[in-house]
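Undergrad: Just so it is clear, I am handing over input_3.txt, which has compact mmCIF, C-alpha atoms and all ligand atoms.
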# COMPACT_ATOMS: atom_id res chain seq x y z
CA MET A 1 0.00 0.00 0.00
CA SER A 2 1.36 3.43 -0.98
CA GLY A 3 1.68 6.17 1.59
CA LEU A 4 -0.18 8.68 -0.59
CA VAL A 5 -3.91 8.77 -1.30
CA ILE A 6 -5.11 11.23 -3.95
CA TYR A 7 -8.79 11.97 -3.34
CA GLY A 8 -10.80 13.44 -6.23
CA SER A 9 -8.14 11.93 -8.48
CA TYR A 10 -10.27 11.82 -11.64
CA GLY A 11 -11.11 15.54 -11.74
CA TYR A 12 -9.21 17.78 -14.18
CA THR A 13 -6.50 18.77 -11.68
CA GLY A 14 -6.58 15.50 -9.73
CA ASP A 15 -5.84 13.60 -12.92
CA LEU A 16 -2.88 15.86 -13.81
CA ILE A 17 -1.51 15.33 -10.30
CA ALA A 18 -2.17 11.58 -10.32
CA LYS A 19 -0.36 11.16 -13.66
CA ALA A 20 2.66 13.10 -12.41
CA ALA A 21 2.63 11.21 -9.07
CA VAL A 22 2.88 7.94 -11.00
CA GLU A 23 5.69 9.35 -13.16
CA TYR A 24 7.56 10.40 -10.01
CA GLY A 25 7.25 6.86 -8.61
CA LEU A 26 4.97 7.82 -5.70
CA ASP A 27 2.64 4.90 -6.38
CA PRO A 28 -0.51 6.72 -5.19
CA VAL A 29 -3.83 5.14 -4.31
CA LEU A 30 -6.52 6.88 -6.35
CA ALA A 31 -9.77 7.62 -4.60
CA GLY A 32 -13.13 9.28 -5.12
CA ARG A 33 -16.83 8.58 -5.12
CA GLU A 34 -17.43 7.35 -8.67
CA ARG A 35 -16.43 3.71 -9.19
CA ARG A 36 -16.53 3.55 -12.97
CA THR A 37 -14.45 6.68 -13.56
CA LEU A 38 -11.94 5.65 -10.91
CA GLU A 39 -11.68 2.14 -12.32
CA SER A 40 -10.82 3.37 -15.78
CA GLN A 41 -8.34 5.96 -14.46
CA ALA A 42 -6.66 3.34 -12.25
CA ASP A 43 -6.47 1.01 -15.22
CA ARG A 44 -4.91 3.73 -17.41
CA LEU A 45 -2.35 4.72 -14.74
CA ASN A 46 -1.79 1.21 -13.39
CA CYS A 47 -2.64 2.20 -9.81
CA GLU A 48 -4.67 0.87 -6.92
CA PHE A 49 -7.98 2.59 -6.31
CA GLU A 50 -10.60 2.81 -3.56
CA VAL A 51 -14.17 4.06 -3.78
CA ALA A 52 -15.31 6.12 -0.79
CA SER A 53 -17.80 8.95 -0.62
CA LEU A 54 -17.30 11.72 1.90
CA GLY A 55 -20.57 10.81 3.59
CA GLU A 56 -19.18 7.42 4.66
CA PRO A 57 -16.79 7.92 7.61
CA ASP A 58 -16.08 4.20 8.01
CA LEU A 59 -15.00 3.88 4.40
CA LEU A 60 -12.87 7.03 4.66
CA ASP A 61 -11.16 5.56 7.73
CA MET A 62 -10.46 2.32 5.85
CA LEU A 63 -9.10 4.34 2.94
CA LEU A 64 -6.71 6.28 5.16
CA ASP A 65 -5.83 3.57 7.66
CA ASP A 66 -2.49 2.61 6.07
CA ALA A 67 -1.80 5.97 4.42
CA THR A 68 0.77 8.56 5.50
CA ALA A 69 -0.89 11.50 3.71
CA VAL A 70 -3.95 12.34 1.66
CA LEU A 71 -3.93 14.99 -1.07
CA ASN A 72 -7.50 16.21 -1.44
CA CYS A 73 -8.20 17.44 -5.00
CA ALA A 74 -12.00 17.34 -4.68
CA GLY A 75 -13.36 20.88 -4.80
CA PRO A 76 -15.18 23.13 -4.09
CA PHE A 77 -13.38 22.43 -0.82
CA SER A 78 -16.03 24.21 1.22
CA ARG A 79 -17.97 20.98 0.59
CA THR A 80 -15.18 18.46 1.05
CA TRP A 81 -12.57 19.60 3.57
CA GLU A 82 -14.45 18.74 6.75
CA PRO A 83 -15.17 15.02 6.36
CA MET A 84 -11.66 14.46 5.03
CA VAL A 85 -9.95 16.45 7.80
CA GLU A 86 -12.05 14.59 10.37
CA ALA A 87 -10.99 11.26 8.87
CA CYS A 88 -7.35 12.41 8.96
CA LEU A 89 -7.64 13.33 12.63
CA ARG A 90 -9.21 9.95 13.42
CA THR A 91 -6.61 7.94 11.51
CA GLY A 92 -3.46 10.03 12.09
CA THR A 93 -3.06 10.91 8.41
CA HIS A 94 -1.50 14.14 7.16
CA TYR A 95 -3.95 16.29 5.16
CA LEU A 96 -3.00 18.37 2.11
CA ASP A 97 -5.30 20.02 -0.41
CA ILE A 98 -5.29 22.45 -3.32
CA THR A 99 -7.92 24.86 -2.07
CA GLY A 100 -7.73 28.60 -2.61
CA GLU A 101 -10.91 29.30 -0.63
CA LEU A 102 -10.42 31.84 2.11
CA THR A 103 -13.18 30.46 4.33
CA VAL A 104 -11.71 26.96 4.02
CA PHE A 105 -8.24 28.12 5.12
CA GLU A 106 -9.75 29.80 8.15
CA ALA A 107 -11.94 26.79 9.00
CA ILE A 108 -8.97 24.42 8.81
CA HIS A 109 -6.86 26.84 10.83
CA ARG A 110 -9.43 26.48 13.62
CA GLN A 111 -8.53 22.75 13.83
CA ASP A 112 -4.92 23.58 14.76
CA ASP A 113 -5.07 22.35 18.38
CA ARG A 114 -6.82 19.12 17.47
CA ALA A 115 -4.27 18.44 14.73
CA GLU A 116 -1.37 19.06 17.11
CA ASP A 117 -2.90 16.67 19.63
CA ALA A 118 -3.31 14.05 16.89
CA GLY A 119 0.23 14.60 15.57
CA VAL A 120 -1.27 15.37 12.17
CA MET A 121 -0.26 18.10 9.70
CA LEU A 122 -3.12 20.05 8.11
CA LEU A 123 -1.68 21.82 5.06
CA PRO A 124 -4.32 23.33 2.76
CA GLY A 125 -3.41 25.35 -0.34
CA VAL A 126 -0.51 23.45 -1.90
CA GLY A 127 -1.39 24.51 -5.47
CA PHE A 128 -0.89 27.79 -7.30
CA ASP A 129 -3.19 29.01 -4.55
CA VAL A 130 -1.23 29.68 -2.37
CA VAL A 131 2.31 28.30 -2.67
CA PRO A 132 3.92 31.03 -4.84
CA THR A 133 2.20 33.94 -3.07
CA ASP A 134 2.80 32.43 0.37
CA CYS A 135 6.48 31.83 -0.41
CA LEU A 136 6.84 35.38 -1.76
CA ALA A 137 5.13 36.75 1.37
CA ALA A 138 7.57 34.82 3.58
CA HIS A 139 10.52 35.99 1.49
CA LEU A 140 9.41 39.63 1.77
CA ALA A 141 8.88 39.25 5.53
CA ASP A 142 12.45 37.95 5.79
CA ARG A 143 13.63 40.97 3.83
CA MET A 144 11.68 43.41 6.05
CA PRO A 145 10.99 41.90 9.49
CA ASP A 146 9.11 45.01 10.72
CA ALA A 147 6.72 45.11 7.74
CA ALA A 148 3.24 46.39 8.62
CA THR A 149 1.51 45.97 5.26
CA LEU A 150 1.72 43.34 2.55
CA GLU A 151 0.26 43.55 -0.94
CA LEU A 152 0.30 40.55 -3.25
CA ALA A 153 -0.80 40.37 -6.88
CA PHE A 154 -0.84 37.58 -9.44
CA ARG A 155 -1.41 37.13 -13.11
CA ALA A 156 -2.42 33.80 -14.62
CA GLU A 157 -2.71 32.98 -18.30
CA ASN A 158 -4.99 30.74 -20.31
CA GLY A 159 -8.22 29.97 -18.57
CA VAL A 160 -9.51 27.90 -15.71
CA SER A 161 -10.80 24.35 -15.29
CA ARG A 162 -14.40 23.34 -14.63
CA GLY A 163 -13.86 22.83 -10.90
CA THR A 164 -12.16 26.19 -10.51
CA ALA A 165 -15.03 27.93 -12.30
CA LYS A 166 -17.55 26.08 -10.12
CA THR A 167 -15.60 27.04 -7.01
CA MET A 168 -15.65 30.69 -8.11
CA VAL A 169 -19.44 30.52 -8.52
CA GLU A 170 -19.69 28.94 -5.06
CA HIS A 171 -18.19 32.11 -3.57
CA LEU A 172 -19.61 34.75 -5.93
CA ASP A 173 -21.94 36.16 -3.32
CA GLY A 174 -19.20 36.43 -0.69
CA GLY A 175 -17.88 39.84 -1.82
CA GLY A 176 -14.25 40.72 -1.22
CA ALA A 177 -11.99 40.53 1.84
CA VAL A 178 -8.81 42.13 3.15
CA ARG A 179 -6.91 41.80 6.41
CA ARG A 180 -6.70 44.90 8.58
CA ASP A 181 -4.94 45.02 11.97
CA GLY A 182 -4.90 41.23 12.03
CA HIS A 183 -8.62 40.78 11.33
CA ILE A 184 -10.34 39.73 8.13
CA GLU A 185 -12.70 42.46 6.93
CA ASP A 186 -15.42 42.19 4.31
CA VAL A 187 -15.13 44.70 1.47
CA PRO A 188 -16.99 45.03 -1.86
CA PHE A 189 -15.88 43.18 -5.01
CA ALA A 190 -12.74 44.64 -6.62
CA HIS A 191 -12.96 47.60 -4.25
CA GLU A 192 -9.40 48.78 -4.95
CA SER A 193 -7.34 48.72 -8.09
CA ARG A 194 -3.84 49.81 -9.03
CA THR A 195 -1.02 48.93 -11.41
CA VAL A 196 1.92 46.74 -10.56
CA ASP A 197 5.02 45.85 -12.54
CA PHE A 198 5.13 42.10 -13.06
CA GLY A 199 8.36 42.58 -14.95
CA TRP A 200 7.51 43.86 -18.38
CA GLY A 201 7.58 47.58 -18.71
CA LEU A 202 6.83 50.77 -16.96
CA ASP A 203 3.12 50.83 -17.75
CA GLY A 204 2.69 47.88 -15.44
CA GLN A 205 -0.41 45.77 -15.28
CA HIS A 206 -3.82 46.71 -13.97
CA VAL A 207 -4.87 44.65 -10.94
CA ALA A 208 -7.92 44.69 -8.65
CA THR A 209 -8.59 43.22 -5.21
CA ILE A 210 -9.97 39.72 -4.85
CA PRO A 211 -10.43 37.67 -1.67
CA TRP A 212 -7.40 35.41 -2.37
CA GLY A 213 -6.45 32.74 0.15
CA ASP A 214 -3.45 34.78 1.28
CA VAL A 215 -5.75 37.12 3.19
CA SER A 216 -5.85 34.14 5.55
CA THR A 217 -2.53 32.38 5.00
CA ALA A 218 -0.03 35.23 4.60
CA TYR A 219 -0.96 36.47 8.07
CA HIS A 220 -0.39 33.02 9.58
CA THR A 221 2.91 32.70 7.72
CA THR A 222 4.35 36.17 8.35
CA GLY A 223 2.33 37.83 11.13
CA ILE A 224 2.00 40.96 8.94
CA PRO A 225 -1.31 42.43 10.14
CA ASN A 226 -2.47 44.16 6.92
CA VAL A 227 -2.80 42.08 3.78
CA THR A 228 -4.41 42.97 0.44
CA THR A 229 -4.49 40.59 -2.52
CA TYR A 230 -4.99 41.49 -6.18
CA MET A 231 -5.52 39.69 -9.46
CA ALA A 232 -4.56 41.10 -12.87
CA MET A 233 -7.63 42.23 -14.78
CA PRO A 234 -8.30 44.87 -17.40
CA GLU A 235 -10.14 48.00 -16.22
CA ARG A 236 -13.26 46.90 -18.11
CA ALA A 237 -13.30 43.62 -16.15
CA VAL A 238 -13.00 45.58 -12.91
CA ARG A 239 -16.15 47.53 -13.84
CA ILE A 240 -17.96 44.23 -14.51
CA GLN A 241 -16.73 42.79 -11.18
CA ARG A 242 -18.02 45.83 -9.34
CA ALA A 243 -21.37 45.56 -11.10
CA ALA A 244 -21.47 41.86 -10.19
CA GLY A 245 -21.28 42.97 -6.56
CA LEU A 246 -24.62 44.69 -7.06
CA VAL A 247 -26.29 41.43 -8.09
CA ALA A 248 -24.50 39.36 -5.43
CA PRO A 249 -27.68 38.79 -3.40
CA LEU A 250 -29.21 37.24 -6.51
CA LEU A 251 -26.21 34.93 -6.88
CA SER A 252 -26.69 33.62 -3.37
CA LEU A 253 -30.01 32.07 -4.45
CA SER A 254 -29.43 28.37 -4.71
CA PRO A 255 -31.26 27.86 -8.07
CA VAL A 256 -29.15 30.63 -9.68
CA ARG A 257 -25.95 29.10 -8.36
CA THR A 258 -26.98 25.59 -9.40
CA GLY A 259 -27.88 26.89 -12.87
CA LEU A 260 -24.51 28.59 -13.30
CA GLN A 261 -22.66 25.49 -12.12
CA TRP A 262 -24.62 23.31 -14.51
CA LEU A 263 -23.74 25.70 -17.35
CA ILE A 264 -20.05 25.51 -16.43
CA GLY A 265 -20.27 21.71 -16.33
CA GLN A 266 -21.55 21.76 -19.91
CA THR A 267 -19.19 24.35 -21.36
CA THR A 268 -15.85 24.50 -19.53
CA ASP A 269 -13.00 22.07 -20.20
CA GLY A 270 -9.82 23.62 -18.81
CA PRO A 271 -6.48 24.53 -20.37
CA ASP A 272 -5.14 21.96 -22.83
CA ALA A 273 -1.63 20.46 -22.77
CA GLY A 274 -0.26 23.12 -25.16
CA GLU A 275 -1.60 25.94 -23.02
CA ARG A 276 -0.20 24.36 -19.87
CA GLU A 277 3.20 24.00 -21.50
CA THR A 278 3.49 27.53 -22.88
CA GLY A 279 1.53 29.60 -20.35
CA GLU A 280 3.21 31.57 -17.59
CA SER A 281 2.23 32.83 -14.18
CA HIS A 282 3.48 35.94 -12.40
CA VAL A 283 3.38 36.98 -8.78
CA TRP A 284 4.33 40.38 -7.37
CA GLY A 285 4.59 41.40 -3.73
CA GLU A 286 5.35 44.53 -1.76
CA VAL A 287 5.86 45.14 1.97
CA ARG A 288 6.04 48.46 3.77
CA ASN A 289 6.95 49.35 7.34
CA ALA A 290 5.81 52.20 9.59
CA GLU A 291 8.66 54.40 8.29
CA GLY A 292 7.34 54.06 4.75
CA GLU A 293 10.28 51.93 3.60
CA ARG A 294 9.37 49.29 1.05
CA ALA A 295 10.64 46.07 -0.44
CA VAL A 296 9.33 44.58 -3.68
CA SER A 297 9.95 41.09 -5.08
CA ARG A 298 8.37 39.05 -7.83
CA LEU A 299 8.18 35.53 -9.18
CA ARG A 300 7.79 34.19 -12.64
CA GLY A 301 6.86 30.58 -13.24
CA PRO A 302 5.05 27.99 -15.35
CA HIS A 303 1.33 27.92 -16.11
CA THR A 304 -0.85 27.85 -12.98
CA TYR A 305 -2.01 24.23 -13.49
CA ALA A 306 1.50 22.99 -14.31
CA LEU A 307 2.73 24.79 -11.21
CA THR A 308 -0.07 23.32 -9.09
CA VAL A 309 0.98 19.78 -10.04
CA GLU A 310 4.59 20.44 -9.06
CA THR A 311 3.96 22.32 -5.80
CA ALA A 312 1.32 19.83 -4.63
CA LEU A 313 3.61 16.85 -5.21
CA SER A 314 6.63 18.63 -3.79
CA ALA A 315 4.70 19.23 -0.53
CA ALA A 316 3.28 15.69 -0.56
CA GLU A 317 6.76 14.17 -1.03
CA ARG A 318 8.01 16.07 2.01
CA ALA A 319 5.08 14.85 4.10
CA LEU A 320 5.64 11.25 2.94
CA ALA A 321 9.30 11.58 3.95
CA GLY A 322 8.24 12.48 7.49
CA ASN A 323 8.72 16.24 7.13
CA ALA A 324 5.23 17.12 8.38
CA PRO A 325 5.05 19.49 11.34
CA ALA A 326 1.94 18.76 13.41
CA GLY A 327 -0.92 21.26 13.49
CA TYR A 328 -2.26 23.72 10.94
CA GLN A 329 0.43 24.79 8.48
CA THR A 330 0.84 27.12 5.54
CA PRO A 331 3.13 26.08 2.67
CA ALA A 332 5.93 28.52 3.49
CA GLY A 333 5.28 28.10 7.22
CA ALA A 334 5.97 24.37 6.91
CA TYR A 335 8.67 24.37 4.24
CA GLY A 336 10.07 27.90 4.01
CA PRO A 337 10.06 30.57 1.29
CA GLU A 338 12.39 28.54 -0.94
CA LEU A 339 9.76 25.80 -1.47
CA ILE A 340 8.60 27.51 -4.65
CA LEU A 341 12.15 27.67 -6.03
CA ASP A 342 12.21 23.85 -6.16
CA VAL A 343 9.84 24.03 -9.12
CA GLU A 344 11.67 23.98 -12.44
CA GLY A 345 11.23 27.24 -14.33
CA VAL A 346 10.45 29.44 -11.32
CA GLU A 347 12.58 32.57 -10.96
CA ARG A 348 12.51 35.07 -8.11
CA GLU A 349 13.75 38.64 -8.34
CA ASP A 350 14.16 41.34 -5.68
CA VAL A 351 13.21 44.61 -7.38
CA VAL A 352 13.47 47.17 -4.56
N1 LIG A 401 -4.75 25.62 -5.69
C1 LIG A 401 -4.84 25.79 -6.99
O1 LIG A 401 -4.11 26.53 -7.57
C2 LIG A 401 -5.85 25.00 -7.75
C3 LIG A 401 -5.55 24.59 -9.03
C4 LIG A 401 -6.48 23.84 -9.69
C5 LIG A 401 -7.70 23.55 -9.10
N2 LIG A 401 -7.96 24.03 -7.85
C6 LIG A 401 -9.21 23.72 -7.18
O2 LIG A 401 -9.36 22.32 -7.16
C7 LIG A 401 -10.71 21.96 -7.25
C8 LIG A 401 -10.89 20.95 -8.35
O3 LIG A 401 -10.71 21.58 -9.59
P1 LIG A 401 -10.85 20.74 -10.95
O4 LIG A 401 -10.82 21.69 -12.05
O5 LIG A 401 -9.91 19.61 -10.91
O6 LIG A 401 -12.36 20.23 -10.80
P2 LIG A 401 -13.14 19.05 -11.53
O7 LIG A 401 -12.52 18.66 -12.80
O8 LIG A 401 -14.58 19.44 -11.49
O9 LIG A 401 -12.93 17.85 -10.49
C9 LIG A 401 -13.44 17.90 -9.19
C10 LIG A 401 -13.20 16.57 -8.52
O10 LIG A 401 -13.69 16.67 -7.18
C11 LIG A 401 -14.66 15.64 -6.96
N3 LIG A 401 -15.68 16.12 -6.03
C12 LIG A 401 -16.28 17.33 -6.03
N4 LIG A 401 -17.17 17.40 -5.02
C13 LIG A 401 -17.10 16.21 -4.37
C14 LIG A 401 -17.76 15.67 -3.24
N5 LIG A 401 -18.68 16.36 -2.57
N6 LIG A 401 -17.43 14.42 -2.85
C15 LIG A 401 -16.51 13.70 -3.51
N7 LIG A 401 -15.85 14.15 -4.60
C16 LIG A 401 -16.16 15.40 -5.02
C17 LIG A 401 -15.23 15.35 -8.33
O11 LIG A 401 -15.84 14.09 -8.32
P3 LIG A 401 -17.27 13.88 -9.07
O12 LIG A 401 -16.98 14.02 -10.55
O13 LIG A 401 -17.68 12.53 -8.66
O14 LIG A 401 -18.16 14.99 -8.59
C18 LIG A 401 -13.95 15.41 -9.18
O15 LIG A 401 -13.21 14.23 -9.02
C19 LIG A 401 -11.49 23.26 -7.44
O16 LIG A 401 -12.01 23.67 -6.21
C20 LIG A 401 -10.43 24.23 -7.92
O17 LIG A 401 -10.73 25.57 -7.60
C21 LIG A 401 -7.05 24.74 -7.16
Could you render the structure as structure tokens?
TA:
Amino acid sequence: MSGLVIYGSYGYTGDLIAKAAVEYGLDPVLAGRERRTLESQADRLNCEFEVASLGEPDLLDMLLDDATAVLNCAGPFSRTWEPMVEACLRTGTHYLDITGELTVFEAIHRQDDRAEDAGVMLLPGVGFDVVPTDCLAAHLADRMPDAATLELAFRAENGVSRGTAKTMVEHLDGGGAVRRDGHIEDVPFAHESRTVDFGWGLDGQHVATIPWGDVSTAYHTTGIPNVTTYMAMPERAVRIQRAAGLVAPLLSLSPVRTGLQWLIGQTTDGPDAGERETGESHVWGEVRNAEGERAVSRLRGPHTYALTVETALSAAERALAGNAPAGYQTPAGAYGPELILDVEGVEREDVV
């Protein structure tokens, strides 16, 4: 029996991760709730598989009984983290996932004491959300230990997968969020915008605030009390985002949400192999202290989904090797700011 279980292995991202895990010789057990899809994936990848739905605690316990770590790829994670974390706490299995959902990070953070008591690591967010941003935040905090504010921005190319789009719909009515004086505050959609220089030219790139997972995680990693996160988007898209805030109450209606998710299920595929090979991702970060001094660094790396595969498996390999500090962890909190530099093709630059 392998030490690694990949749950939700036959989704778009789960399958990319499962294929790479096999290539890297990790011999994962594939798991999920749909027997037929799992069977054919396991056959294709020559792996063991186990069927277990999240509503069956006994089956989840059997699935995890001999495992060292589970990598949960079944999202939206607001619907999946809890039964899997509970099973991990019962069976003494390390938990990793690829969530980017702010509320999920905070909910898992609240299990810190229980995880420490169980000797279990809870490490959500080992994909593009939030490994590069979290590592850049930790690097900037090292550069400026008295930083009082942190701003992070990212730019991703070439589309999203079905599950990511569904997860975005899941949180459409949640508005935005920033961290102020150590507390998470609700703010409107895209309430602030600015330009940042991702590394190509003085005109910079237009970015607007989104409630990225780092509003939770960067604080736990660095202790910096004020955190704002931005995503690159053209000014026209910012206007649309702000208008979407006006219809947010409508989006919270379950039939509207279900309808949108059905539509995504019918129409969204996800980036193809060519896009994943050629696309790039960019992360920019800035810290300031009370004296107004600043430090700016940025990262450039592979396509977000290619990066997610590498960061998720890099973290999982560490956990399998016994490098799994007990309790709630962030990626850079557990493995340091250099974790991201292990990924081939990632470059970091200190600008100011
Ligand atoms: N951190 C990152 O950078 C990053 C990168 C990529 C994706 N993601 C996130 O990862 C998640 C998956 O994305 P994706 O594009 O791979 O989605 P996808 O293709 O729709 O796959 C989702 C997988 O999760 C399973 N699943 C969903 N709800 C479940 C539940 N309640 N119980 C059991 N299994 C469940 C699905 O199984 P069924 O088909 O049986 O429903 C499927 O195997 C999304 O939340 C996305 O936002 C994060």
Undergrad: When the cut-off is 7 Å and you count all atoms listed in the file, which residues lie near ligand LIG 401 (chain A), shown as an MDAnalysis selection string?
TA: chainID A and resid 8:14 32:34 53:54 73:77 79:80 98:100 125:130 161:165 167 304:305 308
Undergrad: For segment 210-224 of chain A, work out the shell of residues within 7 Å, counting all atoms listed in the file and skipping chain neighbours fewer than 6 positions away, then give it as a PyMOL selection string.
TA: chain A and resi 100-102+105-106+129-130+134+137-138+141+147-150+176-179+189-190+230-231+330+332-333
Undergrad: Rounded to one decimal place, report the atom CA of Gly270 of chain A-atom CA of Asp15 of chain A distance in Å.
TA: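 It comes out at 12.3 Å.
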Undergrad: Interatomic distance between atom CA of Pro188 of chain A and atom CA of Gly175 of chain A?
TA: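 Atom CA of Pro188 of chain A sits 5.3 Å away from atom CA of Gly175 of chain A.
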Undergrad: Pick out the residues sitting within 7 Å of segment 316-325 of chain A, and hand them over as a PyMOL selection string; count all atoms listed in the file, and ignore anything fewer than 3 positions along from it in its own chain.
TA: chain A and resi 3+68-69+121+312-313+334
Undergrad: Using all atoms listed in the file, which of the listed residues (A:Ala67, A:Ala115, A:Val283, A:Ala107) sits closest to Pro28 of chain A?
TA: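 Selected residue with least distance to Pro28 of chain A: A:Ala67.
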Undergrad: What does the structure give for the distance between atom CA of Asp43 of chain A and atom CA of Leu4 of chain A, in Å to one decimal?
TA: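 Result for atom CA of Asp43 of chain A versus atom CA of Leu4 of chain A: 17.7 Å, one decimal.
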